[in-house]
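J.: See model.csv below, with CSV, N, CA and C atoms.
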```csv
chain,number,residue,atom,x,y,z
A,17,HIS,N,84.1,106.4,126.8
A,17,HIS,CA,83.0,106.0,125.9
A,17,HIS,C,83.4,104.7,125.1
A,18,LEU,N,84.6,104.5,125.0
A,18,LEU,CA,85.1,103.3,124.2
A,18,LEU,C,84.6,102.0,124.7
A,19,PRO,N,84.6,101.7,126.0
A,19,PRO,CA,84.1,100.4,126.5
A,19,PRO,C,82.6,100.2,126.2
A,20,GLN,N,81.8,101.3,126.3
A,20,GLN,CA,80.4,101.1,125.9
A,20,GLN,C,80.2,100.8,124.4
A,21,TYR,N,81.1,101.4,123.6
A,21,TYR,CA,81.1,101.2,122.2
A,21,TYR,C,81.5,99.7,121.8
A,22,LEU,N,82.5,99.2,122.5
A,22,LEU,CA,83.0,97.9,122.2
A,22,LEU,C,82.1,96.8,122.7
A,23,GLY,N,81.3,97.1,123.8
A,23,GLY,CA,80.5,96.0,124.4
A,23,GLY,C,79.6,95.3,123.4
A,24,PRO,N,78.8,95.9,122.6
A,24,PRO,CA,78.0,95.2,121.6
A,24,PRO,C,78.9,94.4,120.6
A,25,HIS,N,80.0,94.9,120.2
A,25,HIS,CA,80.9,94.2,119.3
A,25,HIS,C,81.5,92.9,119.9
A,26,ILE,N,81.8,93.0,121.2
A,26,ILE,CA,82.3,91.8,121.9
A,26,ILE,C,81.2,90.8,122.1
A,27,SER,N,80.0,91.3,122.4
A,27,SER,CA,78.8,90.4,122.5
A,27,SER,C,78.6,89.7,121.2
A,28,PHE,N,78.7,90.4,120.1
A,28,PHE,CA,78.5,89.8,118.7
A,28,PHE,C,79.5,88.7,118.5
A,29,LEU,N,80.8,89.0,118.8
A,29,LEU,CA,81.8,87.9,118.6
A,29,LEU,C,81.5,86.7,119.4
A,30,SER,N,81.0,86.9,120.7
A,30,SER,CA,80.7,85.7,121.5
A,30,SER,C,79.5,84.9,121.0
A,31,GLU,N,78.6,85.6,120.3
A,31,GLU,CA,77.4,85.0,119.8
A,31,GLU,C,77.7,84.1,118.6
A,32,ILE,N,78.6,84.6,117.7
A,32,ILE,CA,78.9,83.9,116.5
A,32,ILE,C,80.0,82.8,116.7
A,33,ARG,N,80.7,82.9,117.7
A,33,ARG,CA,81.8,82.0,118.0
A,33,ARG,C,82.1,81.9,119.5
A,34,PRO,N,82.1,80.7,120.0
A,34,PRO,CA,82.4,80.5,121.4
A,34,PRO,C,83.7,81.2,121.8
A,35,ILE,N,83.7,81.9,122.9
A,35,ILE,CA,84.9,82.6,123.4
A,35,ILE,C,85.9,81.6,123.9
A,36,SER,N,87.0,81.5,123.2
A,36,SER,CA,88.1,80.7,123.7
A,36,SER,C,88.9,81.4,124.8
A,37,VAL,N,89.7,80.6,125.4
A,37,VAL,CA,90.6,81.2,126.5
A,37,VAL,C,91.4,82.3,125.9
A,38,SER,N,92.0,82.1,124.7
A,38,SER,CA,92.9,83.1,124.1
A,38,SER,C,92.1,84.4,123.7
A,39,MET,N,90.9,84.2,123.2
A,39,MET,CA,90.1,85.4,122.9
A,39,MET,C,89.6,86.1,124.1
A,40,GLY,N,89.3,85.4,125.2
A,40,GLY,CA,88.9,86.1,126.4
A,40,GLY,C,90.1,86.9,127.0
A,41,ASN,N,91.3,86.3,126.9
A,41,ASN,CA,92.5,87.0,127.3
A,41,ASN,C,92.7,88.3,126.5
A,42,ALA,N,92.5,88.2,125.2
A,42,ALA,CA,92.7,89.3,124.3
A,42,ALA,C,91.7,90.4,124.6
A,43,VAL,N,90.5,90.0,124.9
A,43,VAL,CA,89.4,91.0,125.2
A,43,VAL,C,89.8,91.7,126.6
A,44,ARG,N,90.2,90.9,127.6
A,44,ARG,CA,90.5,91.5,128.9
A,44,ARG,C,91.7,92.4,128.7
A,45,TYR,N,92.7,92.0,127.9
A,45,TYR,CA,93.9,92.9,127.7
A,45,TYR,C,93.5,94.2,127.1
A,46,LEU,N,92.6,94.1,126.0
A,46,LEU,CA,92.2,95.4,125.4
A,46,LEU,C,91.4,96.3,126.3
A,47,LYS,N,90.5,95.7,127.1
A,47,LYS,CA,89.8,96.5,128.1
A,47,LYS,C,90.7,97.1,129.1
A,48,TYR,N,91.7,96.4,129.5
A,48,TYR,CA,92.7,97.0,130.5
A,48,TYR,C,93.4,98.1,129.8
A,49,GLN,N,93.9,97.9,128.6
A,49,GLN,CA,94.6,99.0,127.9
A,49,GLN,C,93.7,100.2,127.7
A,50,ILE,N,92.5,100.0,127.5
A,50,ILE,CA,91.5,101.1,127.3
A,50,ILE,C,91.4,101.9,128.7
A,51,SER,N,91.4,101.1,129.7
A,51,SER,CA,91.2,101.7,131.1
A,51,SER,C,92.4,102.6,131.4
A,52,LEU,N,93.6,102.4,130.8
A,52,LEU,CA,94.8,103.2,131.1
A,52,LEU,C,94.8,104.5,130.3
A,53,ILE,N,93.9,104.7,129.4
A,53,ILE,CA,93.9,105.9,128.6
A,53,ILE,C,93.2,107.0,129.4
A,54,GLY,N,93.9,108.1,129.5
A,54,GLY,CA,93.3,109.2,130.2
A,54,GLY,C,92.1,109.9,129.5
A,55,ILE,N,91.2,110.4,130.2
A,55,ILE,CA,90.0,111.0,129.6
A,55,ILE,C,90.4,112.2,128.7
A,56,ASP,N,91.5,112.8,129.1
A,56,ASP,CA,92.0,114.0,128.3
A,56,ASP,C,92.8,113.7,127.1
A,57,MET,N,93.1,112.4,126.9
A,57,MET,CA,93.9,112.1,125.7
A,57,MET,C,93.1,112.3,124.4
A,58,GLN,N,93.8,112.9,123.4
A,58,GLN,CA,93.2,113.1,122.1
A,58,GLN,C,92.9,111.7,121.5
A,59,ASP,N,91.8,111.7,120.7
A,59,ASP,CA,91.3,110.4,120.1
A,59,ASP,C,92.4,109.8,119.2
A,60,LEU,N,93.1,110.6,118.4
A,60,LEU,CA,94.2,110.0,117.5
A,60,LEU,C,95.3,109.5,118.4
A,61,ASP,N,95.7,110.1,119.4
A,61,ASP,CA,96.7,109.6,120.3
A,61,ASP,C,96.3,108.3,121.0
A,62,ALA,N,95.0,108.3,121.4
A,62,ALA,CA,94.5,107.1,122.1
A,62,ALA,C,94.5,105.9,121.1
A,63,LYS,N,94.0,106.2,119.9
A,63,LYS,CA,94.0,105.2,118.8
A,63,LYS,C,95.4,104.6,118.5
A,64,ALA,N,96.4,105.5,118.4
A,64,ALA,CA,97.7,105.1,118.1
A,64,ALA,C,98.3,104.3,119.3
A,65,ARG,N,98.0,104.7,120.5
A,65,ARG,CA,98.4,103.9,121.7
A,65,ARG,C,97.8,102.5,121.7
A,66,LEU,N,96.5,102.4,121.4
A,66,LEU,CA,95.8,101.1,121.4
A,66,LEU,C,96.4,100.2,120.3
A,67,ILE,N,96.6,100.8,119.1
A,67,ILE,CA,97.2,100.0,118.0
A,67,ILE,C,98.5,99.5,118.4
A,68,ASN,N,99.3,100.3,119.0
A,68,ASN,CA,100.7,99.9,119.5
A,68,ASN,C,100.6,98.7,120.5
A,69,ARG,N,99.7,98.9,121.4
A,69,ARG,CA,99.5,97.9,122.5
A,69,ARG,C,99.0,96.6,121.9
A,70,ILE,N,98.0,96.6,120.9
A,70,ILE,CA,97.5,95.5,120.3
A,70,ILE,C,98.6,94.7,119.5
A,71,GLU,N,99.4,95.5,118.7
A,71,GLU,CA,100.5,94.9,118.0
A,71,GLU,C,101.5,94.2,118.9
A,72,LYS,N,101.8,94.8,120.1
A,72,LYS,CA,102.7,94.2,121.1
A,72,LYS,C,102.1,92.9,121.6
A,73,PHE,N,100.8,92.9,121.9
A,73,PHE,CA,100.1,91.8,122.4
A,73,PHE,C,100.2,90.6,121.4
A,74,ILE,N,100.0,90.9,120.1
A,74,ILE,CA,100.0,89.9,119.0
A,74,ILE,C,101.5,89.3,119.0
A,75,HIS,N,102.4,90.2,119.0
A,75,HIS,CA,103.8,89.7,119.0
A,75,HIS,C,104.2,88.9,120.2
A,76,ASP,N,104.0,89.5,121.4
A,76,ASP,CA,104.4,88.8,122.6
A,76,ASP,C,103.6,87.5,122.9
A,77,ARG,N,102.3,87.5,122.7
A,77,ARG,CA,101.5,86.4,123.1
A,77,ARG,C,101.1,85.4,122.0
A,78,ILE,N,101.3,85.8,120.8
A,78,ILE,CA,100.8,84.9,119.7
A,78,ILE,C,102.1,84.5,118.8
A,79,GLU,N,102.8,85.5,118.3
A,79,GLU,CA,103.9,85.2,117.4
A,79,GLU,C,105.0,84.5,118.1
A,80,VAL,N,105.4,84.9,119.3
A,80,VAL,CA,106.5,84.3,120.1
A,80,VAL,C,106.1,82.9,120.5
A,81,ALA,N,104.8,82.7,120.9
A,81,ALA,CA,104.3,81.4,121.3
A,81,ALA,C,104.3,80.4,120.0
A,82,ARG,N,103.9,81.0,118.9
A,82,ARG,CA,103.8,80.2,117.7
A,82,ARG,C,105.3,79.7,117.3
A,83,ASP,N,106.2,80.6,117.4
A,83,ASP,CA,107.6,80.2,117.0
A,83,ASP,C,108.2,79.2,118.0
A,84,ALA,N,107.8,79.4,119.3
A,84,ALA,CA,108.3,78.4,120.3
A,84,ALA,C,107.7,77.0,120.1
A,85,ILE,N,106.4,77.0,119.8
A,85,ILE,CA,105.7,75.7,119.6
A,85,ILE,C,106.3,75.1,118.3
A,86,SER,N,106.5,75.9,117.3
A,86,SER,CA,107.1,75.4,116.0
A,86,SER,C,108.5,74.8,116.2
A,87,SER,N,109.3,75.4,117.0
A,87,SER,CA,110.7,75.0,117.2
A,87,SER,C,110.7,73.6,118.0
A,88,VAL,N,109.8,73.5,119.0
A,88,VAL,CA,109.8,72.3,119.8
A,88,VAL,C,109.2,71.2,118.9
A,89,ALA,N,108.2,71.5,118.2
A,89,ALA,CA,107.5,70.4,117.3
A,89,ALA,C,108.5,69.9,116.3
A,90,GLN,N,109.3,70.9,115.6
A,90,GLN,CA,110.2,70.4,114.6
A,90,GLN,C,111.3,69.5,115.2
A,91,SER,N,111.7,69.8,116.4
A,91,SER,CA,112.7,68.9,117.1
A,91,SER,C,112.3,67.5,117.3
A,92,LYS,N,111.0,67.3,117.2
A,92,LYS,CA,110.4,65.9,117.5
A,92,LYS,C,110.4,65.1,116.2
A,93,ILE,N,110.5,65.8,115.0
A,93,ILE,CA,110.4,65.1,113.7
A,93,ILE,C,111.7,64.5,113.3
A,94,ARG,N,111.7,63.3,113.0
A,94,ARG,CA,113.0,62.6,112.6
A,94,ARG,C,112.9,62.1,111.2
A,95,ASP,N,114.0,61.8,110.6
A,95,ASP,CA,114.1,61.2,109.2
A,95,ASP,C,113.3,59.9,109.3
A,96,GLY,N,112.5,59.7,108.2
A,96,GLY,CA,111.7,58.5,108.1
A,96,GLY,C,110.3,58.5,108.8
A,97,ASP,N,110.1,59.6,109.6
A,97,ASP,CA,108.8,59.6,110.3
A,97,ASP,C,107.6,59.8,109.3
A,98,VAL,N,106.5,59.3,109.7
A,98,VAL,CA,105.2,59.6,109.0
A,98,VAL,C,104.4,60.4,110.0
A,99,ILE,N,104.0,61.6,109.6
A,99,ILE,CA,103.2,62.5,110.4
A,99,ILE,C,101.8,62.5,109.9
A,100,MET,N,100.9,62.3,110.8
A,100,MET,CA,99.5,62.3,110.5
A,100,MET,C,98.8,63.5,111.1
A,101,THR,N,98.1,64.2,110.3
A,101,THR,CA,97.4,65.4,110.9
A,101,THR,C,96.0,65.5,110.4
A,102,TYR,N,95.1,66.1,111.1
A,102,TYR,CA,93.7,66.2,110.7
A,102,TYR,C,93.4,67.6,110.2
A,103,ALA,N,92.8,67.8,109.1
A,103,ALA,CA,92.4,69.1,108.5
A,103,ALA,C,93.6,70.0,108.3
A,104,GLY,N,93.4,71.3,108.5
A,104,GLY,CA,94.4,72.2,108.2
A,104,GLY,C,94.7,73.1,109.4
A,105,SER,N,96.0,73.6,109.5
A,105,SER,CA,96.4,74.5,110.5
A,105,SER,C,97.6,75.2,110.0
A,106,ARG,N,97.6,76.5,110.2
A,106,ARG,CA,98.8,77.3,109.8
A,106,ARG,C,100.0,76.9,110.6
A,107,LEU,N,99.8,76.7,111.9
A,107,LEU,CA,100.9,76.3,112.7
A,107,LEU,C,101.5,74.9,112.3
A,108,VAL,N,100.7,74.0,112.0
A,108,VAL,CA,101.2,72.7,111.6
A,108,VAL,C,101.9,72.8,110.2
A,109,LEU,N,101.3,73.6,109.3
A,109,LEU,CA,101.9,73.8,108.0
A,109,LEU,C,103.3,74.5,108.2
A,110,LYS,N,103.4,75.4,109.1
A,110,LYS,CA,104.7,76.1,109.4
A,110,LYS,C,105.7,75.1,109.9
A,111,VAL,N,105.3,74.2,110.9
A,111,VAL,CA,106.2,73.2,111.5
A,111,VAL,C,106.7,72.3,110.4
A,112,LEU,N,105.8,71.8,109.6
A,112,LEU,CA,106.2,70.8,108.5
A,112,LEU,C,107.0,71.4,107.4
A,113,THR,N,106.7,72.6,107.0
A,113,THR,CA,107.4,73.3,106.0
A,113,THR,C,108.9,73.6,106.4
A,114,GLU,N,109.0,74.1,107.6
A,114,GLU,CA,110.3,74.4,108.1
A,114,GLU,C,111.1,73.2,108.4
A,115,ALA,N,110.5,72.1,108.9
A,115,ALA,CA,111.2,70.9,109.1
A,115,ALA,C,111.8,70.4,107.8
A,116,LYS,N,111.0,70.4,106.8
A,116,LYS,CA,111.4,70.0,105.4
A,116,LYS,C,112.5,70.9,104.9
A,117,GLN,N,112.4,72.2,105.1
A,117,GLN,CA,113.4,73.1,104.6
A,117,GLN,C,114.8,72.9,105.4
A,118,ASN,N,114.7,72.4,106.6
A,118,ASN,CA,115.9,72.1,107.4
A,118,ASN,C,116.5,70.8,107.1
A,119,GLY,N,115.9,70.1,106.1
A,119,GLY,CA,116.5,68.8,105.6
A,119,GLY,C,116.0,67.6,106.2
A,120,THR,N,114.9,67.6,107.1
A,120,THR,CA,114.4,66.4,107.6
A,120,THR,C,113.5,65.7,106.5
A,121,ASP,N,113.7,64.4,106.4
A,121,ASP,CA,113.0,63.6,105.4
A,121,ASP,C,111.9,62.9,106.1
A,122,PHE,N,110.7,63.2,105.8
A,122,PHE,CA,109.5,62.6,106.4
A,122,PHE,C,108.3,62.7,105.4
A,123,ARG,N,107.3,61.9,105.7
A,123,ARG,CA,106.0,61.9,104.9
A,123,ARG,C,104.9,62.5,105.8
A,124,VAL,N,103.9,63.0,105.1
A,124,VAL,CA,102.7,63.6,105.8
A,124,VAL,C,101.5,62.9,105.3
A,125,VAL,N,100.6,62.5,106.2
A,125,VAL,CA,99.3,62.0,105.8
A,125,VAL,C,98.3,63.0,106.4
A,126,VAL,N,97.4,63.6,105.6
A,126,VAL,CA,96.4,64.5,106.0
A,126,VAL,C,95.0,63.8,106.0
A,127,VAL,N,94.5,63.6,107.2
A,127,VAL,CA,93.1,63.0,107.2
A,127,VAL,C,92.1,64.2,107.2
A,128,ASP,N,91.2,64.1,106.4
A,128,ASP,CA,90.2,65.2,106.2
A,128,ASP,C,88.8,64.7,106.1
A,129,SER,N,87.9,65.6,106.1
A,129,SER,CA,86.5,65.2,106.0
A,129,SER,C,85.6,66.3,105.5
A,130,ARG,N,84.4,66.0,105.2
A,130,ARG,CA,83.4,67.0,104.8
A,130,ARG,C,83.0,67.8,106.0
A,131,PRO,N,82.5,68.9,105.9
A,131,PRO,CA,82.1,69.6,104.6
A,131,PRO,C,83.2,70.5,104.1
A,132,LYS,N,84.2,70.8,104.9
A,132,LYS,CA,85.1,71.9,104.5
A,132,LYS,C,86.4,71.4,103.8
A,133,PHE,N,86.8,70.1,104.0
A,133,PHE,CA,88.0,69.6,103.5
A,133,PHE,C,89.2,70.6,103.7
A,134,GLU,N,89.4,71.0,105.0
A,134,GLU,CA,90.4,72.1,105.3
A,134,GLU,C,91.8,71.7,105.1
A,135,GLY,N,92.1,70.4,105.0
A,135,GLY,CA,93.5,70.0,104.8
A,135,GLY,C,94.0,69.9,103.4
A,136,ARG,N,93.2,70.3,102.5
A,136,ARG,CA,93.7,70.3,101.1
A,136,ARG,C,94.8,71.2,100.8
```
So that I can check it, write out the structure of this file as C-alpha cells.

T.:
Amino acid sequence: HLPQYLGPHISFLSEIRPISVSMGNAVRYLKYQISLIGIDMQDLDAKARLINRIEKFIHDRIEVARDAISSVAQSKIRDGDVIMTYAGSRLVLKVLTEAKQNGTDFRVVVVDSRPKFEGR
C-alpha cells in the first residue's frame, strides 16, 4: 500500500520543484527499498528498515560525495587566491571555511542579486 500512498506526494514534489537527477535517484531508491519489504512485515519493522535505508542512502550518496568534493576543491585553493562565488551554497561555505581553518590565506568575493540575496 505504501507505493500508492507515496505516489501523490512524489507528484506534489515534482509539481513544486523540477525533479533533479539526484531527486529522481532518491525516489527510485526509495521505491526499490519499498519493493523489498515483505507483505507480512510489521509496519513498525518496515518503517525502521526504511529509515535505516534512507539514512544509509544519505550517508553513502550525499555526505561522502560532499566530503570528497570539498576535499578536492580545498586542494585547488592556494595562498593569495581570490575566490568568486555566486549566491550561497552550504558546500561552497564548507570548502571555504575548512580551507581557511587549514591555514590557507585567500579572499572571497560573493556576487549576489535580488530577490533573495542568498550569499549574505

J.: Please list as an MDAnalysis selection string every residue within 8 Å of Arg82 of chain A, counting only C-alpha atoms and excluding residues in the same chain fewer than 4 positions away.

T.: chainID A and resid 78 86 107

J.: Given the choices A:Ile99, A:Asp76, A:Ala81, A:Asn41, which gets closest to Val126 of chain A if the distance is worked out from all atoms listed in the file?

T.: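 Nearest candidate to Val126 of chain A out of A:Ile99, A:Asp76, A:Ala81, A:Asn41: A:Ile99.
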
J.: Could you check how far atom N of Ala64 of chain A sits from atom N of Pro34 of chain A, in Å to one decimal?

T.: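 Going from atom N of Ala64 of chain A over to atom N of Pro34 of chain A covers 28.7 Å.
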
J.: I need the strand (DSSP E) residues of segment 27-136 of chain A per DSSP on the backbone, written as an MDAnalysis selection string.

T.: chainID A and resid 98:102 123:127

J.: Return the single residue from A:Leu109, A:Glu114, A:Ala103, A:Ile85 that is closest to Lys132 of chain A, with distances computed using only N, CA and C atoms.

T.: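 So, comparing all the options, the nearest one is A:Ala103.
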
J.: Please return as an MDAnalysis selection string: the residues of segment 43-133 of chain A that backbone DSSP assigns to alpha helix (DSSP H).

T.: chainID A and resid 43:51 59:73 80:92 106:117

J.: For a quick check of understanding, using all atoms listed in the file, which of A:Met39, A:Ile55, A:Gln20, A:Thr120 has the smallest distance to Arg94 of chain A?

T.: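 Looking only at the distances to Arg94 of chain A, the closest residue turns out to be A:Thr120.
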
J.: Mind pulling up the distance from atom N of Asp59 of chain A to atom CA of Leu29 of chain A?

T.: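 Distance between the two atoms: 25.9 Å.
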
J.: Which is closer to Ile70 of chain A than all the others in A:Tyr45, A:Ser36, A:Gly96, A:Val124, using all atoms listed in the file?

T.: A:Tyr45

J.: Using all atoms listed in the file, determine which residues lie at most 8 Å from Leu46 of chain A, disregarding the query and same-chain residues fewer than 4 positions distant; provide the list as a list in words.

T.: Gly40, Asn41, Ala42, Ile50, Ser51, Leu52, Leu66, Arg69 and Ile70 of chain A
